[in-house]
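Structure file work_35.txt with compact mmCIF, C-alpha atoms and all ligand atoms:
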# COMPACT_ATOMS: atom_id res chain seq x y z
CA MET A 182 113.58 77.67 139.86
CA SER A 183 113.23 81.41 139.63
CA LYS A 184 110.74 82.84 137.16
CA PRO A 185 111.90 83.84 133.69
CA VAL A 186 112.43 87.60 133.46
CA ILE A 187 110.88 89.64 130.66
CA ALA A 188 111.76 93.17 129.55
CA THR A 189 109.94 95.20 126.91
CA ALA A 190 110.61 98.40 124.99
CA THR A 191 108.84 100.57 122.50
CA LEU A 192 111.06 102.30 119.95
CA ALA A 193 109.57 103.91 116.82
CA GLY A 194 106.18 102.34 117.39
CA CYS A 195 102.71 103.49 118.46
CA PHE A 196 102.44 101.38 121.62
CA GLY A 197 99.86 99.22 119.83
CA CYS A 198 101.96 96.07 120.21
CA HIS A 199 102.16 96.64 123.95
CA MET A 200 98.38 97.13 123.99
CA SER A 201 98.08 93.78 122.22
CA LEU A 202 100.28 92.22 124.90
CA LEU A 203 97.81 93.54 127.48
CA ASP A 204 94.97 92.24 125.31
CA ILE A 205 95.58 88.65 126.41
CA ASP A 206 92.71 89.40 128.82
CA GLU A 207 92.57 87.34 132.01
CA LYS A 208 95.64 85.40 130.85
CA ILE A 209 97.61 88.43 132.00
CA LEU A 210 97.11 87.01 135.51
CA ASP A 211 98.64 83.70 134.41
CA LEU A 212 101.50 85.59 132.81
CA ILE A 213 102.26 87.41 136.04
CA GLU A 214 102.41 83.99 137.76
CA LEU A 215 104.74 82.62 135.08
CA VAL A 216 107.17 85.48 134.63
CA GLU A 217 108.67 88.49 136.29
CA PHE A 218 108.82 91.83 134.48
CA ASN A 219 111.93 93.99 134.52
CA LYS A 220 112.61 97.13 132.44
CA SER A 221 109.35 97.88 130.65
CA PRO A 222 106.89 100.73 130.16
CA ILE A 223 104.27 98.41 131.63
CA ASP A 224 105.75 98.50 135.14
CA ASP A 225 107.72 101.72 134.56
CA ILE A 226 111.08 100.19 135.54
CA LYS A 227 113.44 102.55 133.72
CA ASN A 228 116.74 100.66 133.87
CA PHE A 229 117.72 97.01 133.84
CA THR A 230 118.21 95.77 137.40
CA LYS A 231 119.26 92.26 136.30
CA LYS A 232 119.89 90.16 133.20
CA CYS A 233 116.66 89.16 131.47
CA ASP A 234 115.62 86.02 129.65
CA ILE A 235 113.31 87.53 127.06
CA GLY A 236 113.24 91.02 125.55
CA LEU A 237 110.28 92.16 123.48
CA ILE A 238 110.95 95.03 121.09
CA GLU A 239 108.18 97.10 119.57
CA GLY A 240 109.02 99.58 116.82
CA GLY A 241 111.99 100.09 114.51
CA CYS A 242 114.95 102.45 114.93
CA CYS A 243 114.32 105.98 113.72
CA ASN A 244 116.88 107.81 115.90
CA SER A 245 120.06 107.38 117.95
CA GLU A 246 118.09 106.86 121.16
CA ASN A 247 116.26 103.87 119.62
CA VAL A 248 119.60 102.34 118.61
CA HIS A 249 120.98 102.87 122.11
CA VAL A 250 117.96 101.22 123.78
CA LEU A 251 117.99 98.33 121.31
CA LYS A 252 121.68 97.63 121.93
CA ASP A 253 121.09 97.84 125.68
CA PHE A 254 118.35 95.21 125.29
CA ARG A 255 120.62 92.98 123.23
CA ASN A 256 123.26 93.19 125.95
CA ASN A 257 120.82 92.40 128.73
CA CYS A 258 118.43 89.84 127.22
CA LYS A 259 119.21 86.26 126.30
CA ILE A 260 116.44 86.12 123.70
CA LEU A 261 115.38 89.17 121.76
CA ILE A 262 112.09 89.27 119.88
CA SER A 263 110.91 91.80 117.29
CA PHE A 264 107.19 92.04 117.81
CA GLY A 265 105.04 93.87 115.31
CA GLU A 266 105.50 95.19 111.79
CA CYS A 267 107.41 98.33 112.85
CA ALA A 268 110.13 96.30 114.62
CA ILE A 269 110.25 93.83 111.73
CA MET A 270 110.18 96.15 108.72
CA GLY A 271 109.97 99.73 109.96
CA GLY A 272 106.18 99.93 109.64
CA LEU A 273 104.40 103.23 109.11
CA PRO A 274 107.33 105.37 110.36
CA ALA A 275 109.32 103.85 107.46
CA PHE A 276 106.99 105.53 104.95
CA ARG A 277 109.66 108.23 104.99
CA ASN A 278 112.42 105.84 103.99
CA PRO A 279 112.36 106.37 100.21
CA ILE A 280 112.59 110.15 100.74
CA PRO A 281 115.95 111.74 101.66
CA ILE A 282 116.08 112.82 105.33
CA LYS A 283 116.87 116.43 104.38
CA GLU A 284 113.65 116.70 102.39
CA CYS A 285 111.66 115.15 105.25
CA LEU A 286 113.04 117.65 107.78
CA GLU A 287 112.52 120.60 105.45
CA GLU A 288 108.93 119.58 104.84
CA ALA A 289 108.30 119.17 108.57
CA TYR A 290 110.00 122.38 109.76
CA LEU A 291 110.18 124.77 106.82
CA ASN A 292 107.82 124.03 103.97
CA GLY A 293 104.85 122.08 105.31
CA PRO A 294 101.51 123.97 105.22
CA SER A 295 101.35 124.32 109.01
CA VAL A 296 104.91 125.67 109.39
CA LYS A 297 105.47 127.70 106.24
CA GLY A 298 106.16 131.28 107.22
CA HIS A 299 106.36 130.52 110.95
CA ASN A 300 110.00 129.49 111.11
CA GLU A 301 111.61 132.64 109.79
CA SER A 302 115.17 131.82 110.76
CA GLY A 303 114.77 128.43 109.08
CA ILE A 304 115.86 126.38 112.11
CA LEU A 305 115.97 122.62 111.94
CA PRO A 306 116.11 121.04 115.42
CA ASN A 307 119.72 120.06 116.14
CA ASP A 308 120.18 120.44 119.89
CA ASP A 309 122.57 117.91 121.46
CA GLU A 310 119.80 116.94 123.88
CA ILE A 311 117.59 115.74 121.06
CA PRO A 312 118.25 112.24 119.71
CA MET A 313 119.70 112.37 116.23
CA MET A 314 117.35 111.24 113.46
CA LEU A 315 118.71 108.40 111.36
CA ASP A 316 118.80 108.61 107.57
CA LYS A 317 115.94 106.12 107.53
CA VAL A 318 113.94 103.91 109.87
CA TYR A 319 115.75 100.60 110.34
CA PRO A 320 114.18 97.24 111.08
CA CYS A 321 115.62 96.03 114.43
CA HIS A 322 117.36 93.01 112.90
CA GLU A 323 119.37 95.33 110.66
CA ILE A 324 120.90 96.86 113.84
CA VAL A 325 121.34 93.90 116.24
CA LYS A 326 120.75 90.16 116.08
CA ILE A 327 117.09 89.34 116.66
CA ASP A 328 116.16 85.78 117.60
CA TYR A 329 112.44 85.64 116.81
CA PHE A 330 109.85 87.63 114.87
CA LEU A 331 106.17 88.01 115.65
CA PRO A 332 104.44 89.72 112.73
CA GLY A 333 101.22 91.70 112.85
CA CYS A 334 100.00 95.26 113.23
CA PRO A 335 99.70 94.57 116.06
CA PRO A 336 100.62 90.90 116.49
CA SER A 337 97.52 89.17 117.84
CA ALA A 338 97.35 88.61 121.58
CA GLU A 339 97.15 84.90 120.80
CA LEU A 340 100.42 84.95 118.85
CA ILE A 341 102.22 86.79 121.67
CA TRP A 342 100.78 84.43 124.26
CA ASN A 343 101.68 81.32 122.23
CA ALA A 344 105.23 82.58 121.68
CA LEU A 345 105.86 83.51 125.31
CA THR A 346 104.43 80.29 126.74
CA ALA A 347 106.37 78.20 124.19
CA LEU A 348 109.62 79.97 125.11
CA ILE A 349 109.00 79.64 128.84
CA SER A 350 107.98 75.99 128.71
CA GLY A 351 110.51 75.00 126.04
CA LYS A 352 107.73 73.42 123.99
CA GLU A 353 107.23 73.86 120.27
CA MET A 354 105.18 76.91 119.37
CA ASN A 355 101.57 76.55 118.34
CA LEU A 356 101.21 78.50 115.06
CA PRO A 357 97.68 78.17 113.65
CA TYR A 358 97.18 79.86 110.24
CA GLU A 359 95.02 82.63 111.60
CA VAL A 360 97.53 84.04 114.08
CA ILE A 361 100.18 85.05 111.53
CA LYS A 362 98.95 88.21 109.86
CA PHE A 363 100.77 91.31 108.67
CA ASP A 364 97.85 93.66 109.44
CA MET B 141 90.29 60.90 71.98
CA ALA B 142 93.05 62.89 73.51
CA ASP B 143 96.27 61.16 74.43
CA ILE B 144 96.34 60.43 78.18
CA ILE B 145 99.73 60.17 79.85
CA ASN B 146 100.92 59.08 83.29
CA PHE B 147 103.28 60.95 85.56
CA THR B 148 103.90 61.38 89.29
CA ILE B 149 103.99 64.38 91.61
CA ASP B 150 105.80 63.72 94.89
CA GLY B 151 105.28 60.03 94.22
CA LYS B 152 101.54 60.31 93.67
CA GLU B 153 100.30 58.66 90.44
CA CYS B 154 98.66 61.23 88.16
CA MET B 155 97.07 61.32 84.73
CA ALA B 156 96.54 64.15 82.29
CA GLU B 157 96.05 64.98 78.67
CA LYS B 158 99.37 65.01 76.81
CA GLY B 159 100.89 68.43 76.18
CA ILE B 160 99.12 70.52 78.81
CA PHE B 161 101.24 72.52 81.22
CA ILE B 162 102.31 70.93 84.51
CA LEU B 163 100.45 73.57 86.56
CA GLN B 164 97.17 72.67 84.85
CA ALA B 165 97.90 68.94 84.99
CA ALA B 166 98.54 69.19 88.74
CA LYS B 167 95.30 71.11 89.18
CA GLU B 168 93.34 68.39 87.39
CA ASN B 169 94.82 65.91 89.84
CA ASP B 170 93.83 68.17 92.76
CA ILE B 171 97.45 69.04 93.59
CA TYR B 172 98.41 72.59 94.49
CA ILE B 173 101.43 74.18 92.90
CA PRO B 174 101.69 77.83 93.99
CA SER B 175 101.58 80.38 91.17
CA LEU B 176 101.63 84.15 90.96
CA CYS B 177 102.30 85.61 87.51
CA ASN B 178 100.06 83.00 85.93
CA TYR B 179 96.44 83.90 85.25
CA GLU B 180 94.03 81.29 84.02
CA GLY B 181 92.95 81.81 80.45
CA VAL B 182 95.98 83.94 79.55
CA LYS B 183 99.13 82.67 77.85
CA PRO B 184 101.62 81.77 80.61
CA GLN B 185 104.96 83.58 80.66
CA GLY B 186 106.93 81.93 83.48
CA SER B 187 108.40 85.08 84.97
CA CYS B 188 107.84 84.94 88.74
CA ARG B 189 109.26 81.39 89.22
CA ILE B 190 107.01 80.69 92.23
CA CYS B 191 105.59 77.64 90.42
CA SER B 192 109.05 76.08 90.01
CA ILE B 193 109.09 72.32 90.44
CA LYS B 194 111.90 69.83 90.02
CA THR B 195 112.06 67.15 87.39
CA ASN B 196 115.15 65.27 86.29
CA GLY B 197 117.07 67.17 88.97
CA GLN B 198 116.30 70.51 87.29
CA PHE B 199 114.11 73.41 88.29
CA VAL B 200 111.49 74.28 85.68
CA THR B 201 108.39 76.46 85.84
CA ALA B 202 105.20 74.44 86.03
CA CYS B 203 103.15 77.09 84.23
CA THR B 204 105.21 76.94 81.02
CA THR B 205 106.49 73.35 80.90
CA PRO B 206 104.29 70.72 79.25
CA VAL B 207 103.77 67.52 81.20
CA ALA B 208 105.33 64.44 79.60
CA ASP B 209 104.72 60.73 79.89
CA GLY B 210 106.60 59.13 82.80
CA MET B 211 107.64 62.49 84.26
CA GLU B 212 108.60 62.38 87.95
CA ILE B 213 107.85 65.73 89.51
CA GLU B 214 108.97 67.03 92.90
CA ASN B 215 106.70 69.75 94.20
CA ASN B 216 106.03 69.94 97.91
CA THR B 217 109.56 69.46 99.29
CA ASP B 218 111.47 71.54 101.84
CA GLU B 219 114.07 72.56 99.25
CA ILE B 220 111.52 73.75 96.68
CA ASN B 221 109.30 75.45 99.24
CA ASP B 222 112.24 77.34 100.70
CA MET B 223 113.22 78.48 97.21
CA ARG B 224 109.64 79.70 96.66
CA LYS B 225 109.67 81.42 100.02
CA SER B 226 112.90 83.22 99.11
CA ILE B 227 111.23 84.60 95.96
CA ILE B 228 108.33 85.91 98.02
CA GLU B 229 110.79 87.51 100.43
CA LEU B 230 112.63 89.14 97.53
CA LEU B 231 109.37 90.64 96.27
CA PHE B 232 108.63 92.04 99.73
CA VAL B 233 112.00 93.79 100.10
CA GLU B 234 112.18 94.92 96.47
CA GLY B 235 109.06 97.12 96.67
CA ASN B 236 107.34 98.95 99.49
CA HIS B 237 104.85 96.56 101.02
CA PHE B 238 103.31 98.21 104.06
CA CYS B 239 100.57 95.64 104.54
CA PRO B 240 98.92 97.34 107.54
CA ALA B 241 98.15 100.35 105.30
CA CYS B 242 97.25 98.44 102.13
CA GLU B 243 93.69 98.26 100.80
CA MET B 244 94.32 94.78 99.44
CA SER B 245 95.60 93.32 102.69
CA GLY B 246 93.73 90.08 103.34
CA ASP B 247 92.85 89.68 99.65
CA CYS B 248 96.40 89.89 98.25
CA GLU B 249 98.00 86.84 96.65
CA LEU B 250 101.57 87.86 97.49
CA GLN B 251 100.69 88.29 101.15
CA ALA B 252 98.70 85.04 101.12
CA LEU B 253 101.74 83.19 99.78
CA ALA B 254 103.86 84.75 102.53
CA TYR B 255 101.32 83.46 105.07
CA ARG B 256 101.25 80.03 103.49
CA PHE B 257 105.04 79.79 103.64
CA GLN B 258 105.12 81.34 107.13
CA MET B 259 107.33 84.27 106.25
CA MET B 260 108.08 85.86 109.62
CA VAL B 261 110.73 88.21 108.21
CA PRO B 262 112.45 88.39 104.80
CA ARG B 263 116.04 87.13 104.79
CA PHE B 264 117.07 90.05 102.57
CA ILE B 265 117.70 93.72 103.36
CA TYR B 266 114.77 96.07 102.75
CA GLN B 267 115.39 98.37 99.78
CA PHE B 268 112.72 101.05 100.37
CA PRO B 269 112.84 102.32 96.77
CA LEU B 270 111.23 105.62 95.83
CA ARG B 271 108.08 104.80 93.85
CA GLU B 272 105.11 106.90 92.83
CA ILE B 273 101.37 106.58 93.07
CA ASP B 274 99.76 107.48 89.76
CA ALA B 275 96.35 109.05 90.43
CA ARG B 276 95.75 110.62 87.01
CA HIS B 277 93.18 108.16 85.80
CA PRO B 278 89.45 108.58 86.40
CA LYS B 279 88.65 105.00 87.45
CA ILE B 280 91.81 103.50 88.91
CA LEU B 281 94.85 104.29 91.04
CA LYS B 282 98.18 102.73 90.06
CA ASP B 283 100.42 102.30 93.11
CA GLN B 284 103.95 101.51 91.92
CA ASN B 285 105.11 100.69 95.46
CA ARG B 286 103.30 97.37 95.32
CA CYS B 287 103.63 96.35 91.67
CA ILE B 288 105.43 93.03 91.26
CA ARG B 289 105.63 93.36 87.45
CA CYS B 290 103.81 90.12 86.86
CA LYS B 291 102.27 91.56 83.67
CA ARG B 292 98.89 90.03 84.46
CA CYS B 293 97.28 93.41 83.71
CA ILE B 294 99.28 93.97 80.52
CA ARG B 295 98.31 90.56 79.18
CA THR B 296 94.64 90.73 80.16
CA ILE B 297 93.28 94.26 79.95
CA LYS B 298 92.76 95.23 76.30
CA ASP B 299 90.36 97.69 74.71
CA GLU B 300 87.92 96.74 71.96
CA LYS B 301 90.70 97.04 69.37
CA GLY B 302 92.95 94.67 71.30
CA ARG B 303 95.31 97.41 72.54
CA SER B 304 96.83 96.95 76.01
CA VAL B 305 95.78 99.56 78.56
CA PHE B 306 98.88 98.78 80.66
CA ALA B 307 102.46 98.68 79.42
CA PHE B 308 106.05 98.44 80.59
CA TYR B 309 108.03 101.67 80.80
CA GLY B 310 111.80 101.82 81.39
CA ARG B 311 114.34 99.06 81.80
CA GLY B 312 115.98 96.87 84.42
CA LYS B 313 115.21 97.49 88.06
CA ASN B 314 113.55 100.80 87.19
CA ILE B 315 110.94 99.20 84.99
CA GLU B 316 107.37 100.28 85.71
CA VAL B 317 103.98 99.09 84.63
CA ASN B 318 102.18 102.22 83.52
CA VAL B 319 98.68 103.09 82.40
CA ASP B 320 98.28 104.40 78.86
CA PRO B 321 96.93 107.92 79.46
CA VAL B 322 94.48 107.86 76.53
CA LEU B 323 93.20 104.32 76.96
CA GLY B 324 93.22 104.78 80.75
CA SER B 325 90.93 107.79 80.48
CA LYS B 326 88.44 105.77 78.43
CA LEU B 327 88.52 102.69 80.64
CA THR B 328 85.00 101.25 81.07
CA ASP B 329 83.72 100.33 84.52
CA LYS B 330 83.78 96.70 83.53
CA LEU B 331 87.39 96.76 82.36
CA ALA B 332 88.48 98.78 85.42
CA ALA B 333 86.89 96.18 87.69
CA LYS B 334 88.61 93.44 85.72
CA ALA B 335 92.01 95.17 86.05
CA ILE B 336 91.58 95.42 89.82
CA GLU B 337 90.66 91.76 89.91
CA VAL B 338 93.57 90.45 87.80
CA CYS B 339 96.18 92.34 89.77
CA PRO B 340 97.34 89.86 92.43
CA VAL B 341 98.48 92.65 94.77
CA GLY B 342 97.33 96.16 95.71
CA SER B 343 98.86 97.93 92.72
CA ILE B 344 95.65 98.58 90.77
CA LEU B 345 92.98 100.01 93.03
CA PRO B 346 89.52 101.46 92.56
CA ARG B 347 89.15 105.18 93.20
CA GLU B 348 87.05 106.46 96.08
CA LYS B 349 86.65 103.01 97.56
CA GLY B 350 88.95 101.28 99.97
CA PHE B 351 88.93 98.74 102.77
CA ARG B 352 85.54 97.51 101.58
CA THR B 353 85.64 94.10 103.22
CA PRO B 354 85.85 93.94 106.99
CA ILE B 355 88.72 92.01 108.59
CA GLY B 356 87.58 88.45 109.09
CA GLN B 357 85.66 88.30 105.79
CA ARG B 358 88.54 88.73 103.38
CA LYS B 359 89.69 86.00 101.02
CA PHE B 360 92.69 84.76 102.97
CA ASP B 361 91.67 85.57 106.55
CA HIS B 362 90.89 82.01 107.57
CA GLU B 363 92.35 79.59 105.06
CA PRO B 364 95.72 79.55 103.26
CA ILE B 365 95.86 80.21 99.55
CA GLY B 366 95.51 76.89 97.72
CA SER B 367 93.17 75.38 100.35
CA GLU B 368 90.69 74.40 97.64
CA TYR B 369 93.10 71.65 96.56
CA LYS B 370 93.15 68.26 98.25
CA HIS B 371 96.95 67.92 98.12
S1 LIG C 401 100.15 94.43 97.92
FE1 LIG C 401 99.93 92.65 99.28
S2 LIG C 401 101.97 92.33 100.12
FE2 LIG C 401 101.94 94.39 99.23
S3 LIG C 401 101.35 95.76 100.91
FE3 LIG C 401 99.46 95.18 99.89
S4 LIG C 401 98.74 93.38 101.05
FE4 LIG C 401 100.90 93.66 101.56
S1 LIG C 402 99.91 96.22 88.24
FE1 LIG C 402 99.40 94.32 89.23
S2 LIG C 402 98.89 92.94 87.53
FE2 LIG C 402 100.02 94.64 86.66
S3 LIG C 402 102.15 93.98 86.63
FE3 LIG C 402 101.85 95.14 88.53
S4 LIG C 402 101.35 93.58 90.04
FE4 LIG C 402 101.08 92.62 88.03
S1 LIG C 403 103.34 81.22 87.96
FE1 LIG C 403 104.80 80.11 86.82
S2 LIG C 403 106.45 81.49 86.69
FE2 LIG C 403 104.92 82.67 87.69

Show me, as structure tokens, the structure contained in the file I just sent.
Amino acid sequence: MSKPVIATATLAGCFGCHMSLLDIDEKILDLIELVEFNKSPIDDIKNFTKKCDIGLIEGGCCNSENVHVLKDFRNNCKILISFGECAIMGGLPAFRNPIPIKECLEEAYLNGPSVKGHNESGILPNDDEIPMMLDKVYPCHEIVKIDYFLPGCPPSAELIWNALTALISGKEMNLPYEVIKFD
Amino acid sequence: MADIINFTIDGKECMAEKGIFILQAAKENDIYIPSLCNYEGVKPQGSCRICSIKTNGQFVTACTTPVADGMEIENNTDEINDMRKSIIELLFVEGNHFCPACEMSGDCELQALAYRFQMMVPRFIYQFPLREIDARHPKILKDQNRCIRCKRCIRTIKDEKGRSVFAFYGRGKNIEVNVDPVLGSKLTDKLAAKAIEVCPVGSILPREKGFRTPIGQRKFDHEPIGSEYKH
């Protein structure tokens, strides 16, 4: 049997969840034995080269590029997992959500203390090359179907390890109280 | 001697003094019924519905319903626990609960209930309402993003004349629990500490102090809420 294939992506996240994935210490060697990595910032494969079994998504969707990547993952992965608070509920980037996007942009580019008076023509970035900001930061499951959720900021290495090994082996997941935390 | 009555919870034979509330009666029989708006020593109000149990095929709140002789109570069933979980999920999406950035994380009763019921993600859509942080008071911060309107503060924190320091303001989904500006400015250290303690979440916070307890030593880091009960 060929090894299960894993892909990972970081959207509007801080890369902390990926660091936690690497934090499984020497078990990373076991993981490499168990699975093959495809598109992921860990191996720097930029595009899917085959269909994957498991996709891990870090971060929510704050712009059109995030939505595009997320949909691409949904199309190419059998199982899609939101890992970390940002993917699950927007996380810190979603602090902006209660505030209208126009106000956020004006604060960042026109009125904030570090920009006030330095943007005389009052330009807000709107080049076609730049991904379009969404009105708010969306949890991934509000954009595509997500199969599993691994909470935490970041999710503990143990939780990630338990989830991946359970999925690969088809066994029930070991969920001790201490591994599910939102912080 | 007080009247002692018999009843069952999930089939377990129990005894309690006639007329006390089911929540208390369960406690005396070492049985955990989750609660949130209830605060021991304060008149129960039955508003959060987390303590709902089933008797006679009906949901009732354990904190406001007196136990009766021969009562058969369902408590720890999949149906009831899922209903409780859905209330917790509603509270999470209704406010702005960014646990990773919350001073009460690890010590918060709402979060602890979410852990106990293994909430991986709320089943409802996040609302992200616009709420304020009120920092006008010398001893406490009032963060409206995390207030679950349980009224524990309103019912508990009174000045020496019996006046409530906290009060409801507004109506419907815009209702807020606010601090009385005059009473808030005269809040004693003792009463401020008490207010922080009665608030089950991170909505009443001390000023100039935060993240005092290291991760690993907080109330709910190792054991689920309700672990002190046998059943
Ligand atoms: S009050 Fe509780 S549930 Fe809300 S953000 Fe703080 S720790 Fe999380
Ligand atoms: S401030 Fe705290 S105690 Fe008061 S109503 Fe809000 S959540 Fe309850
Ligand atoms: S604890 Fe009984 S209704 Fe809230």

### Atom pair CA of Gln198 in chain B / CA of Ser175 in chain B: separation (Å)
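Answer for the CA of Gln198 in chain B to CA of Ser175 in chain B separation: 18.1 Å.
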
### Message
For ligand LIG 402 (chain C), return the neighbouring residues as a PyMOL selection string (distance at most 7 Å; all atoms listed in the file).
### Response
chain B and resi 282+286-294+317+338-341+343-344

### Nearest to ligand LIG 403 (chain C), chosen from B:Val319, B:Leu176, B:Ile365, B:Leu327, with all atoms listed in the file counted in the distances
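Distance minimum relative to ligand LIG 403 (chain C) lands on B:Leu176.
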
### Residue among B:Val233, B:Ile297, B:Leu345, B:Ile227 lying closest to chain A, counting only C-alpha atoms
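Using only C-alpha atoms, chain A sits closest to B:Val233.
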
### Residue with smallest distance to chain A - pool B:Phe268, B:Phe199, B:Tyr309, B:Phe351, counting all atoms listed in the file
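Among the listed residues, B:Phe268 lies closest to chain A.
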
### Task
Quick one: everything within 7 Å of Tyr329 in chain A, counting all atoms listed in the file, minus sequence neighbours fewer than 3 positions away in the same chain. Send it as a ChimeraX atom specification.
/A:261-263

### Query
Which is closer to Leu202 in chain A than all the others in A:Ile349, A:Ile311, A:Val296, A:Ile238, using all atoms listed in the file?
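Once distances to Leu202 in chain A are computed over all atoms listed in the file, the minimum belongs to A:Ile238.
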
### Message
Could you check the closest approach to ligand LIG 401 (chain C) for each of A:Met270, A:Ile260, A:Leu291, A:Cys195 and tell me which residue wins, using all atoms listed in the file?
### Response
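Smallest distance to ligand LIG 401 (chain C) is found for A:Met270.
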
### Query
Separation of CA of Asp253 in chain A and CA of Met314 in chain A, in Å?
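Atom-to-atom, CA of Asp253 in chain A to CA of Met314 in chain A, that is 18.5 Å.
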
### Task
Return the single residue from A:Cys334, A:Val360, A:Ala188, A:Leu340 that is closest to ligand LIG 401 (chain C), with distances computed using all atoms listed in the file.
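Closest candidate: A:Cys334.
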
### Task
May I ask for the distance between CA of Asp328 in chain A and CA of Asn285 in chain B, given in Å to one decimal place?
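If I compute the distance from CA of Asp328 in chain A to CA of Asn285 in chain B, I get 28.9 Å.
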
### Message
If we count all atoms listed in the file and set the cut-off at 8 Å, which residues sit around range 316-325 of chain A, ignoring sequence neighbours fewer than 2 positions away in its own chain? Please answer as a list in words.
### Response
Gly240, Gly241, Cys242, Cys243, Asn244, Val248, Leu251, Lys252, Arg255, Ser263, Cys267, Ala268, Ile269, Met270, Gly271, Pro274, Ala275, Arg277, Asn278, Pro281, Ile282, Met314 and Ile327 of chain A; Ile265 of chain B

### Task
Extract, using all atoms listed in the file, all DNA, RNA and protein residues at most 10 Å from Lys225 in chain B, discarding same-chain residues fewer than 2 positions from it, and format them as a PyMOL selection string.
chain B and resi 190+219-223+227-231+253-259+262-263

Report the centre and edge lengths, in Å to one decimal, of an axis-aligned box enclosing every atom of ligand LIG 401 (chain C) listed in the file, padded by 3 Å on each side, as JSON.
{"center_x": 100.4, "center_y": 94.0, "center_z": 99.7, "size_x": 9.2, "size_y": 9.4, "size_z": 9.6}

### 8 Å shell around ligand LIG 403 (chain C) using all atoms listed in the file, listed as a PyMOL selection string
chain B and resi 163+174-179+184-192+201-204+290

Just add N, CA and C atoms to range 253-266 of chain A and send it as an mmCIF file, in the frame of the given file.
data_model
loop_
_atom_site.group_PDB
_atom_site.id
_atom_site.type_symbol
_atom_site.label_atom_id
_atom_site.label_comp_id
_atom_site.auth_asym_id
_atom_site.auth_seq_id
_atom_site.Cartn_x
_atom_site.Cartn_y
_atom_site.Cartn_z
ATOM 1 N N ASP A 253 121.165 98.107 124.251
ATOM 2 C CA ASP A 253 121.090 97.840 125.680
ATOM 3 C C ASP A 253 120.269 96.562 125.911
ATOM 4 N N PHE A 254 119.173 96.419 125.179
ATOM 5 C CA PHE A 254 118.350 95.210 125.290
ATOM 6 C C PHE A 254 119.124 93.976 124.832
ATOM 7 N N ARG A 255 119.845 94.131 123.717
ATOM 8 C CA ARG A 255 120.620 92.980 123.230
ATOM 9 C C ARG A 255 121.643 92.539 124.271
ATOM 10 N N ASN A 256 122.247 93.511 124.945
ATOM 11 C CA ASN A 256 123.260 93.190 125.950
ATOM 12 C C ASN A 256 122.680 92.569 127.205
ATOM 13 N N ASN A 257 121.403 92.840 127.460
ATOM 14 C CA ASN A 257 120.820 92.400 128.730
ATOM 15 C C ASN A 257 119.792 91.284 128.608
ATOM 16 N N CYS A 258 119.455 90.882 127.382
ATOM 17 C CA CYS A 258 118.430 89.840 127.220
ATOM 18 C C CYS A 258 119.018 88.653 126.474
ATOM 19 N N LYS A 259 118.696 87.448 126.979
ATOM 20 C CA LYS A 259 119.210 86.260 126.300
ATOM 21 C C LYS A 259 118.525 86.100 124.952
ATOM 22 N N ILE A 260 117.212 86.279 124.944
ATOM 23 C CA ILE A 260 116.440 86.120 123.700
ATOM 24 C C ILE A 260 115.798 87.465 123.385
ATOM 25 N N LEU A 261 115.984 87.894 122.145
ATOM 26 C CA LEU A 261 115.380 89.170 121.760
ATOM 27 C C LEU A 261 114.365 88.927 120.640
ATOM 28 N N ILE A 262 113.172 89.496 120.840
ATOM 29 C CA ILE A 262 112.090 89.270 119.880
ATOM 30 C C ILE A 262 111.643 90.601 119.280
ATOM 31 N N SER A 263 111.557 90.661 117.940
ATOM 32 C CA SER A 263 110.910 91.800 117.290
ATOM 33 C C SER A 263 109.430 91.503 117.263
ATOM 34 N N PHE A 264 108.628 92.311 117.929
ATOM 35 C CA PHE A 264 107.190 92.040 117.810
ATOM 36 C C PHE A 264 106.479 93.203 117.153
ATOM 37 N N GLY A 265 105.786 92.867 116.064
ATOM 38 C CA GLY A 265 105.040 93.870 115.310
ATOM 39 C C GLY A 265 105.758 94.309 114.048
ATOM 40 N N GLU A 266 104.976 94.806 113.099
ATOM 41 C CA GLU A 266 105.500 95.190 111.790
ATOM 42 C C GLU A 266 106.588 96.268 111.873
#
